[in-house]
$ cat protein05.cif   # mmCIF, C-alpha atoms
data_coords
loop_
_atom_site.label_atom_id
_atom_site.label_comp_id
_atom_site.auth_asym_id
_atom_site.auth_seq_id
_atom_site.Cartn_x
_atom_site.Cartn_y
_atom_site.Cartn_z
CA MET A 226 12.83 -22.56 26.50
CA PRO A 227 13.42 -22.12 22.78
CA PHE A 228 15.30 -24.81 20.93
CA GLU A 229 18.53 -24.33 19.02
CA ALA A 230 17.93 -23.91 15.31
CA GLU A 231 20.45 -26.54 14.25
CA PRO A 232 19.28 -29.24 11.84
CA ILE A 233 18.91 -32.79 13.07
CA ASP A 234 21.18 -35.46 11.62
CA PRO A 235 19.27 -37.41 8.93
CA GLN A 236 20.50 -40.72 10.37
CA VAL A 237 19.02 -39.82 13.76
CA LYS A 238 15.69 -39.08 12.06
CA THR A 239 15.84 -42.47 10.34
CA ASP A 240 16.59 -44.17 13.65
CA LEU A 241 13.65 -42.36 15.31
CA LEU A 242 11.32 -43.55 12.55
CA HIS A 243 12.60 -47.09 13.09
CA ASP A 244 12.07 -46.82 16.86
CA ALA A 245 8.44 -45.79 16.32
CA ALA A 246 7.76 -48.49 13.73
CA GLU A 247 9.30 -51.18 15.91
CA HIS A 248 6.56 -50.47 18.46
CA HIS A 249 3.75 -50.32 15.87
CA CYS A 250 3.59 -46.52 15.94
CA TRP A 251 3.96 -43.96 13.23
CA LEU A 252 6.02 -40.81 13.44
CA ASP A 253 5.68 -37.77 11.24
CA MET A 254 8.48 -35.19 11.51
CA THR A 255 8.26 -31.78 9.88
CA GLU A 256 10.56 -28.85 9.45
CA ASP A 257 8.08 -27.10 7.15
CA LYS A 258 7.04 -23.77 8.68
CA GLU A 259 3.51 -23.91 7.23
CA GLU A 260 2.93 -27.37 8.69
CA GLN A 261 4.38 -26.23 12.02
CA HIS A 262 2.01 -23.27 11.96
CA GLU A 263 -0.96 -25.62 11.48
CA ILE A 264 0.21 -27.82 14.36
CA ALA A 265 0.70 -24.69 16.48
CA ASN A 266 -2.94 -23.78 15.75
CA LEU A 267 -4.04 -27.10 17.28
CA ILE A 268 -1.82 -26.56 20.32
CA ASP A 269 -3.12 -23.00 20.73
CA TYR A 270 -6.75 -24.14 20.58
CA GLY A 271 -6.04 -26.97 23.03
CA ASP A 272 -4.42 -24.61 25.55
CA ARG A 273 -7.38 -22.23 25.42
CA LYS A 274 -9.94 -25.02 25.66
CA GLN A 275 -8.22 -26.70 28.61
CA ALA A 276 -7.65 -23.49 30.56
CA ALA A 277 -11.30 -22.49 30.11
CA ASN A 278 -12.39 -25.78 31.71
CA LYS A 279 -12.72 -25.41 35.50
CA ALA A 280 -12.53 -29.17 36.11
CA PHE A 281 -9.28 -29.38 34.12
CA ARG A 282 -7.79 -26.44 36.08
CA ARG A 283 -8.77 -28.03 39.43
CA GLU A 284 -7.16 -31.35 38.46
CA LEU A 285 -3.99 -29.69 37.18
CA ALA A 286 -3.75 -27.56 40.34
CA LYS A 287 -3.63 -30.75 42.43
CA TRP A 288 -0.37 -31.68 40.68
CA ILE A 289 1.29 -28.28 41.14
CA HIS A 290 3.33 -27.58 44.27
CA SER A 291 5.82 -25.07 45.57
CA ASN A 292 9.53 -25.39 44.94
CA ASN A 293 10.25 -26.16 48.59
CA SER A 294 7.55 -28.81 48.97
CA SER A 295 8.55 -32.25 50.22
CA ARG A 296 6.15 -33.93 47.78
CA LYS A 297 7.74 -36.54 45.53
CA ASP A 298 5.02 -36.42 42.87
CA GLY A 299 3.58 -33.66 40.77
CA MET A 300 5.22 -30.61 39.28
CA PRO A 301 7.22 -28.09 41.32
CA GLY A 302 7.21 -24.49 40.16
CA TYR A 303 10.80 -24.67 38.92
CA SER A 304 9.76 -27.24 36.32
CA HIS A 305 7.84 -24.39 34.71
CA GLY A 306 10.48 -21.73 35.26
CA VAL A 307 8.74 -20.25 38.31
CA GLY A 308 10.75 -18.89 41.25
CA ASP A 309 10.28 -19.84 44.91
CA LEU A 310 7.89 -17.02 45.86
CA ALA A 311 5.64 -17.38 42.81
CA SER A 312 5.60 -21.17 43.19
CA ARG A 313 3.75 -20.78 46.51
CA PHE A 314 0.75 -19.39 44.64
CA GLY A 315 0.84 -21.80 41.68
CA GLN A 316 -2.09 -23.94 42.77
CA ILE A 317 -4.33 -20.94 43.40
CA ILE A 318 -3.46 -19.30 40.09
CA ILE A 319 -3.87 -22.50 38.05
CA ARG A 320 -7.16 -23.38 39.74
CA THR A 321 -8.71 -19.90 39.73
CA PHE A 322 -7.78 -18.08 36.54
CA ASP A 323 -8.26 -18.83 32.85
CA TRP A 324 -4.60 -18.59 31.78
CA GLY A 325 -5.24 -20.04 28.33
CA ASP A 326 -4.35 -16.95 26.28
CA GLY A 327 -0.92 -16.61 27.87
CA GLN A 328 -0.11 -20.32 27.69
CA ALA A 329 -1.34 -20.52 24.11
CA ALA A 330 0.92 -17.65 23.07
CA LYS A 331 3.92 -19.20 24.81
CA ASP A 332 3.33 -22.66 23.34
CA ARG A 333 2.65 -21.23 19.88
CA GLN A 334 5.98 -19.40 19.96
CA LEU A 335 7.79 -22.56 21.06
CA ALA A 336 6.13 -24.74 18.40
CA GLU A 337 6.60 -22.30 15.54
CA GLY A 338 10.19 -21.54 16.56
CA SER A 339 11.26 -25.17 16.83
CA PRO A 340 13.63 -26.60 14.24
CA MET A 341 11.37 -29.63 13.92
CA LEU A 342 8.02 -30.86 15.20
CA ALA A 343 7.13 -34.51 15.42
CA VAL A 344 3.76 -36.18 15.79
CA MET A 345 3.63 -39.76 16.98
CA ALA A 346 0.54 -41.94 17.14
CA THR A 347 -0.82 -45.44 16.89
CA ASN A 348 -3.33 -46.90 14.46
CA GLU A 349 -5.36 -48.30 17.33
CA ASP A 350 -6.75 -46.57 20.41
CA THR A 351 -6.26 -49.39 22.91
CA PRO A 352 -4.36 -49.73 26.18
CA GLN A 353 -1.83 -52.08 24.51
CA ALA A 354 -1.22 -49.53 21.74
CA TRP A 355 -0.77 -46.77 24.33
CA ILE A 356 1.84 -48.87 26.14
CA GLU A 357 3.69 -49.56 22.89
CA CYS A 358 3.59 -45.86 22.06
CA GLY A 359 5.05 -45.07 25.48
CA ARG A 360 7.82 -47.59 24.90
CA ALA A 361 8.61 -46.07 21.52
CA LEU A 362 8.61 -42.57 22.99
CA SER A 363 10.92 -43.66 25.79
CA ARG A 364 13.34 -45.19 23.32
CA MET A 365 13.23 -42.14 21.04
CA LEU A 366 13.82 -39.73 23.92
CA LEU A 367 16.84 -41.73 25.04
CA ARG A 368 18.19 -41.81 21.49
CA GLY A 369 17.63 -38.07 21.12
CA THR A 370 19.35 -37.34 24.41
CA ALA A 371 22.33 -39.45 23.36
CA HIS A 372 22.62 -37.19 20.29
CA GLY A 373 22.26 -33.95 22.26
CA LEU A 374 18.63 -33.31 21.32
CA ASP A 375 15.95 -31.86 23.58
CA ALA A 376 12.20 -32.40 23.44
CA SER A 377 9.11 -30.68 24.72
CA PHE A 378 5.64 -32.17 24.87
CA MET A 379 2.68 -30.39 23.35
CA ASN A 380 0.02 -32.99 24.04
CA GLN A 381 -2.99 -30.65 24.06
CA PRO A 382 -4.25 -31.91 20.68
CA ILE A 383 -4.76 -35.41 22.08
CA GLU A 384 -6.16 -34.24 25.42
CA VAL A 385 -8.98 -32.17 23.90
CA ASP A 386 -11.62 -34.52 22.45
CA THR A 387 -12.64 -32.19 19.61
CA LEU A 388 -9.05 -32.17 18.32
CA ARG A 389 -8.57 -35.94 18.27
CA PHE A 390 -9.02 -37.54 14.89
#
$ encode --input "protein05.cif" --output "structure tokens"
Amino acid sequence: MPFEAEPIDPQVKTDLLHDAAEHHCWLDMTEDKEEQHEIANLIDYGDRKQAANKAFRRELAKWIHSNNSSRKDGMPGYSHGVGDLASRFGQIIIRTFDWGDGQAAKDRQLAEGSPMLAVMATNEDTPQAWIECGRALSRMLLRGTAHGLDASFMNQPIEVDTLRF
């Protein structure tokens, strides 16, 4: 869903930067439309690359299940805005078809229409750094929620090897 276009309180931004730094992470936040467009390009490319990969689609399909499933793990259709009937075919669709163009367009629109995009990372690529980054993200999401903010994850740029730098 699109985000509200209201600006984020500068003190909340400062607190988010502090949360990241406290866990040895860096956080770059941008409201600049040109920068957001460049980030959206990375997300777009990542969507297309992932959806074109049959192994990726098979793995993702294993996590998808219908809305009325009794599974406690994975992603039910409603988590993606899919109704009960369509959710029954989610695994087949995800596994079989290259849906990259449609997902890329949707994610591009979300990224470019967001009031702010944030990129968080670590200086090291180690399990300990990943854990610290997760802790920082958890803290920042809780802080954001306490201030009425919502977040969406566009992690394609770190999941596609050619986009990681």
$ residues_around --input "protein05.cif" --residues "Asp386 of chain A" --least-positions-apart "2" --cutoff "12 Å" --atoms "all atoms listed in the file" --output "CSV table (one decimal) with C-alpha atoms, keeping the file's coordinate frame"
chain,number,residue,atom,x,y,z
A,267,LEU,CA,-4.0,-27.1,17.3
A,270,TYR,CA,-6.8,-24.1,20.6
A,271,GLY,CA,-6.0,-27.0,23.0
A,274,LYS,CA,-9.9,-25.0,25.7
A,275,GLN,CA,-8.2,-26.7,28.6
A,380,ASN,CA,0.0,-33.0,24.0
A,381,GLN,CA,-3.0,-30.6,24.1
A,382,PRO,CA,-4.2,-31.9,20.7
A,383,ILE,CA,-4.8,-35.4,22.1
A,384,GLU,CA,-6.2,-34.2,25.4
A,388,LEU,CA,-9.0,-32.2,18.3
A,389,ARG,CA,-8.6,-35.9,18.3
A,390,PHE,CA,-9.0,-37.5,14.9
$ axis_aligned_box --input "protein05.cif" --around "segment 319-322 of chain A" --padding-each-side "8 Å" --output "AutoDock Vina command-line options"
--center_x -6.3 --center_y -20.7 --center_z 38.1 --size_x 20.8 --size_y 21.3 --size_z 19.2
$ residues_around --input "protein05.cif" --residues "Asp332 of chain A" --least-positions-apart "2" --cutoff "8 Å" --atoms "only C-alpha atoms" --output "list in words"
Ala265, Ile268, Asp269, Gln328, Ala329, Ala330, Gln334, Leu335, Ala336 and Met379 of chain A
$ closest_residue --input "protein05.cif" --among "A:Ser294, A:Ile233, A:Gly325, A:Ala354" --to "Trp251 of chain A" --atoms "only C-alpha atoms"
A:Ala354
$ atom_distance --input "protein05.cif" --atom1 "atom CA of Ala245 of chain A" --atom2 "atom CA of His305 of chain A"
28.2 Å
$ atom_distance --input "protein05.cif" --atom1 "atom CA of Pro340 of chain A" --atom2 "atom CA of Asp272 of chain A"
21.4 Å
$ atom_distance --input "protein05.cif" --atom1 "atom CA of Gly359 of chain A" --atom2 "atom CA of His372 of chain A"
19.9 Å
$ resolve_selection --input "protein05.cif" --expression "the PyMOL selection byres ((chain A and resi 360-367) around 8)" --output "ChimeraX atom specification"
/A:241,244-245,247-248,250,356-359,368-371,376
$ closest_residue --input "protein05.cif" --among "A:Leu252, A:Ala346, A:Ile318, A:Leu310" --to "Asp240 of chain A" --atoms "all atoms listed in the file"
A:Leu252
$ resolve_selection --input "protein05.cif" --expression "the PyMOL selection byres ((chain A and resi 255) around 9)" --output "list in words"
Asp253, Met254, Glu256, Asp257, Lys258, Glu260, Gln261, Pro340, Met341, Leu342, Ala343 and Val344 of chain A
$ closest_residue --input "protein05.cif" --among "A:His290, A:Glu263, A:Lys331, A:Thr351" --to "Ser312 of chain A" --atoms "only C-alpha atoms"
A:His290
$ resolve_selection --input "protein05.cif" --expression "the PyMOL selection byres ((chain A and resi 320) around 7)" --output "list in words"
Arg282, Arg283, Ala286, Gln316, Ile317, Ile318, Ile319, Thr321 and Phe322 of chain A
$ write_last_selection --input "protein05.cif" --atoms "C-alpha atoms" --output "short mmCIF file (atom, residue, chain, number, x, y, z; two decimals), in the coordinates of the input"
data_model
loop_
_atom_site.label_atom_id
_atom_site.label_comp_id
_atom_site.auth_asym_id
_atom_site.auth_seq_id
_atom_site.Cartn_x
_atom_site.Cartn_y
_atom_site.Cartn_z
CA ARG A 282 -7.79 -26.44 36.08
CA ARG A 283 -8.77 -28.03 39.43
CA ALA A 286 -3.75 -27.56 40.34
CA GLN A 316 -2.09 -23.94 42.77
CA ILE A 317 -4.33 -20.94 43.40
CA ILE A 318 -3.46 -19.30 40.09
CA ILE A 319 -3.87 -22.50 38.05
CA THR A 321 -8.71 -19.90 39.73
CA PHE A 322 -7.78 -18.08 36.54
#
$ decode --input "protein05.cif" --residues "segment 260-292 of chain A" --atoms "N, CA, C and O atoms" --output "PDB file, in the first residue's frame"
ATOM      1  N   GLU A 260      17.309  10.606  -5.848  1.00  0.00           N
ATOM      2  CA  GLU A 260      17.930   9.487  -5.138  1.00  0.00           C
ATOM      3  C   GLU A 260      16.953   8.324  -5.005  1.00  0.00           C
ATOM      4  O   GLU A 260      17.324   7.156  -5.173  1.00  0.00           O
ATOM      5  N   GLN A 261      15.700   8.623  -4.707  1.00  0.00           N
ATOM      6  CA  GLN A 261      14.695   7.567  -4.601  1.00  0.00           C
ATOM      7  C   GLN A 261      14.521   6.865  -5.941  1.00  0.00           C
ATOM      8  O   GLN A 261      14.334   5.645  -5.983  1.00  0.00           O
ATOM      9  N   HIS A 262      14.590   7.609  -7.025  1.00  0.00           N
ATOM     10  CA  HIS A 262      14.482   7.018  -8.354  1.00  0.00           C
ATOM     11  C   HIS A 262      15.640   6.042  -8.596  1.00  0.00           C
ATOM     12  O   HIS A 262      15.435   4.945  -9.136  1.00  0.00           O
ATOM     13  N   GLU A 263      16.847   6.415  -8.195  1.00  0.00           N
ATOM     14  CA  GLU A 263      18.006   5.541  -8.369  1.00  0.00           C
ATOM     15  C   GLU A 263      17.868   4.271  -7.526  1.00  0.00           C
ATOM     16  O   GLU A 263      18.210   3.176  -7.977  1.00  0.00           O
ATOM     17  N   ILE A 264      17.373   4.412  -6.311  1.00  0.00           N
ATOM     18  CA  ILE A 264      17.141   3.238  -5.466  1.00  0.00           C
ATOM     19  C   ILE A 264      16.045   2.369  -6.088  1.00  0.00           C
ATOM     20  O   ILE A 264      16.153   1.143  -6.121  1.00  0.00           O
ATOM     21  N   ALA A 265      15.006   2.999  -6.605  1.00  0.00           N
ATOM     22  CA  ALA A 265      13.927   2.256  -7.272  1.00  0.00           C
ATOM     23  C   ALA A 265      14.454   1.479  -8.471  1.00  0.00           C
ATOM     24  O   ALA A 265      13.972   0.376  -8.760  1.00  0.00           O
ATOM     25  N   ASN A 266      15.456   2.016  -9.166  1.00  0.00           N
ATOM     26  CA  ASN A 266      16.068   1.287 -10.282  1.00  0.00           C
ATOM     27  C   ASN A 266      16.700  -0.015  -9.803  1.00  0.00           C
ATOM     28  O   ASN A 266      16.597  -1.054 -10.469  1.00  0.00           O
ATOM     29  N   LEU A 267      17.365   0.035  -8.649  1.00  0.00           N
ATOM     30  CA  LEU A 267      17.979  -1.174  -8.083  1.00  0.00           C
ATOM     31  C   LEU A 267      16.915  -2.191  -7.692  1.00  0.00           C
ATOM     32  O   LEU A 267      17.057  -3.399  -7.931  1.00  0.00           O
ATOM     33  N   ILE A 268      15.847  -1.722  -7.078  1.00  0.00           N
ATOM     34  CA  ILE A 268      14.745  -2.598  -6.666  1.00  0.00           C
ATOM     35  C   ILE A 268      14.106  -3.235  -7.896  1.00  0.00           C
ATOM     36  O   ILE A 268      13.848  -4.447  -7.935  1.00  0.00           O
ATOM     37  N   ASP A 269      13.854  -2.441  -8.915  1.00  0.00           N
ATOM     38  CA  ASP A 269      13.267  -2.910 -10.171  1.00  0.00           C
ATOM     39  C   ASP A 269      14.119  -4.021 -10.782  1.00  0.00           C
ATOM     40  O   ASP A 269      13.620  -5.094 -11.129  1.00  0.00           O
ATOM     41  N   TYR A 270      15.420  -3.764 -10.906  1.00  0.00           N
ATOM     42  CA  TYR A 270      16.328  -4.752 -11.471  1.00  0.00           C
ATOM     43  C   TYR A 270      16.318  -6.033 -10.634  1.00  0.00           C
ATOM     44  O   TYR A 270      16.289  -7.139 -11.171  1.00  0.00           O
ATOM     45  N   GLY A 271      16.363  -5.872  -9.306  1.00  0.00           N
ATOM     46  CA  GLY A 271      16.343  -7.039  -8.420  1.00  0.00           C
ATOM     47  C   GLY A 271      15.078  -7.871  -8.580  1.00  0.00           C
ATOM     48  O   GLY A 271      15.134  -9.101  -8.611  1.00  0.00           O
ATOM     49  N   ASP A 272      13.930  -7.224  -8.665  1.00  0.00           N
ATOM     50  CA  ASP A 272      12.671  -7.954  -8.875  1.00  0.00           C
ATOM     51  C   ASP A 272      12.727  -8.779 -10.150  1.00  0.00           C
ATOM     52  O   ASP A 272      12.356  -9.956 -10.175  1.00  0.00           O
ATOM     53  N   ARG A 273      13.169  -8.154 -11.231  1.00  0.00           N
ATOM     54  CA  ARG A 273      13.216  -8.832 -12.533  1.00  0.00           C
ATOM     55  C   ARG A 273      14.202  -9.994 -12.514  1.00  0.00           C
ATOM     56  O   ARG A 273      13.931 -11.067 -13.043  1.00  0.00           O
ATOM     57  N   LYS A 274      15.343  -9.766 -11.906  1.00  0.00           N
ATOM     58  CA  LYS A 274      16.379 -10.805 -11.841  1.00  0.00           C
ATOM     59  C   LYS A 274      15.897 -11.996 -11.000  1.00  0.00           C
ATOM     60  O   LYS A 274      16.072 -13.149 -11.398  1.00  0.00           O
ATOM     61  N   GLN A 275      15.297 -11.722  -9.854  1.00  0.00           N
ATOM     62  CA  GLN A 275      14.822 -12.809  -8.998  1.00  0.00           C
ATOM     63  C   GLN A 275      13.700 -13.602  -9.668  1.00  0.00           C
ATOM     64  O   GLN A 275      13.702 -14.832  -9.640  1.00  0.00           O
ATOM     65  N   ALA A 276      12.742 -12.907 -10.248  1.00  0.00           N
ATOM     66  CA  ALA A 276      11.596 -13.588 -10.850  1.00  0.00           C
ATOM     67  C   ALA A 276      11.986 -14.398 -12.083  1.00  0.00           C
ATOM     68  O   ALA A 276      11.298 -15.364 -12.433  1.00  0.00           O
ATOM     69  N   ALA A 277      13.084 -14.041 -12.721  1.00  0.00           N
ATOM     70  CA  ALA A 277      13.552 -14.790 -13.883  1.00  0.00           C
ATOM     71  C   ALA A 277      14.301 -16.065 -13.477  1.00  0.00           C
ATOM     72  O   ALA A 277      14.532 -16.945 -14.292  1.00  0.00           O
ATOM     73  N   ASN A 278      14.630 -16.180 -12.197  1.00  0.00           N
ATOM     74  CA  ASN A 278      15.408 -17.309 -11.690  1.00  0.00           C
ATOM     75  C   ASN A 278      14.466 -18.408 -11.197  1.00  0.00           C
ATOM     76  O   ASN A 278      13.778 -18.243 -10.188  1.00  0.00           O
ATOM     77  N   LYS A 279      14.451 -19.536 -11.886  1.00  0.00           N
ATOM     78  CA  LYS A 279      13.530 -20.634 -11.543  1.00  0.00           C
ATOM     79  C   LYS A 279      13.774 -21.168 -10.138  1.00  0.00           C
ATOM     80  O   LYS A 279      12.827 -21.483  -9.422  1.00  0.00           O
ATOM     81  N   ALA A 280      15.025 -21.264  -9.732  1.00  0.00           N
ATOM     82  CA  ALA A 280      15.333 -21.768  -8.389  1.00  0.00           C
ATOM     83  C   ALA A 280      14.777 -20.816  -7.327  1.00  0.00           C
ATOM     84  O   ALA A 280      14.233 -21.259  -6.309  1.00  0.00           O
ATOM     85  N   PHE A 281      14.916 -19.508  -7.548  1.00  0.00           N
ATOM     86  CA  PHE A 281      14.364 -18.533  -6.613  1.00  0.00           C
ATOM     87  C   PHE A 281      12.852 -18.672  -6.533  1.00  0.00           C
ATOM     88  O   PHE A 281      12.272 -18.679  -5.444  1.00  0.00           O
ATOM     89  N   ARG A 282      12.175 -18.802  -7.682  1.00  0.00           N
ATOM     90  CA  ARG A 282      10.712 -18.924  -7.691  1.00  0.00           C
ATOM     91  C   ARG A 282      10.261 -20.191  -6.967  1.00  0.00           C
ATOM     92  O   ARG A 282       9.282 -20.171  -6.227  1.00  0.00           O
ATOM     93  N   ARG A 283      10.979 -21.305  -7.159  1.00  0.00           N
ATOM     94  CA  ARG A 283      10.625 -22.556  -6.465  1.00  0.00           C
ATOM     95  C   ARG A 283      10.750 -22.399  -4.956  1.00  0.00           C
ATOM     96  O   ARG A 283       9.889 -22.822  -4.197  1.00  0.00           O
ATOM     97  N   GLU A 284      11.852 -21.778  -4.508  1.00  0.00           N
ATOM     98  CA  GLU A 284      12.041 -21.580  -3.064  1.00  0.00           C
ATOM     99  C   GLU A 284      10.965 -20.670  -2.492  1.00  0.00           C
ATOM    100  O   GLU A 284      10.384 -20.956  -1.448  1.00  0.00           O
ATOM    101  N   LEU A 285      10.693 -19.564  -3.165  1.00  0.00           N
ATOM    102  CA  LEU A 285       9.668 -18.629  -2.692  1.00  0.00           C
ATOM    103  C   LEU A 285       8.304 -19.309  -2.634  1.00  0.00           C
ATOM    104  O   LEU A 285       7.548 -19.119  -1.680  1.00  0.00           O
ATOM    105  N   ALA A 286       7.999 -20.124  -3.636  1.00  0.00           N
ATOM    106  CA  ALA A 286       6.699 -20.810  -3.685  1.00  0.00           C
ATOM    107  C   ALA A 286       6.504 -21.717  -2.467  1.00  0.00           C
ATOM    108  O   ALA A 286       5.374 -21.897  -1.998  1.00  0.00           O
ATOM    109  N   LYS A 287       7.584 -22.272  -1.944  1.00  0.00           N
ATOM    110  CA  LYS A 287       7.479 -23.133  -0.759  1.00  0.00           C
ATOM    111  C   LYS A 287       6.982 -22.369   0.465  1.00  0.00           C
ATOM    112  O   LYS A 287       6.432 -22.954   1.386  1.00  0.00           O
ATOM    113  N   TRP A 288       7.204 -21.052   0.480  1.00  0.00           N
ATOM    114  CA  TRP A 288       6.808 -20.236   1.622  1.00  0.00           C
ATOM    115  C   TRP A 288       5.405 -19.655   1.483  1.00  0.00           C
ATOM    116  O   TRP A 288       4.851 -19.134   2.439  1.00  0.00           O
ATOM    117  N   ILE A 289       4.832 -19.743   0.303  1.00  0.00           N
ATOM    118  CA  ILE A 289       3.514 -19.178   0.028  1.00  0.00           C
ATOM    119  C   ILE A 289       2.444 -20.222   0.357  1.00  0.00           C
ATOM    120  O   ILE A 289       2.604 -21.393   0.014  1.00  0.00           O
ATOM    121  N   HIS A 290       1.369 -19.805   1.000  1.00  0.00           N
ATOM    122  CA  HIS A 290       0.258 -20.730   1.221  1.00  0.00           C
ATOM    123  C   HIS A 290      -1.067 -19.983   1.190  1.00  0.00           C
ATOM    124  O   HIS A 290      -1.116 -18.756   1.238  1.00  0.00           O
ATOM    125  N   SER A 291      -2.120 -20.754   1.086  1.00  0.00           N
ATOM    126  CA  SER A 291      -3.454 -20.155   0.964  1.00  0.00           C
ATOM    127  C   SER A 291      -3.875 -19.490   2.272  1.00  0.00           C
ATOM    128  O   SER A 291      -3.343 -19.788   3.341  1.00  0.00           O
ATOM    129  N   ASN A 292      -4.845 -18.622   2.163  1.00  0.00           N
ATOM    130  CA  ASN A 292      -5.323 -17.877   3.331  1.00  0.00           C
ATOM    131  C   ASN A 292      -5.916 -18.792   4.400  1.00  0.00           C
ATOM    132  O   ASN A 292      -5.873 -18.466   5.576  1.00  0.00           O
TER     133      ASN A 292
END
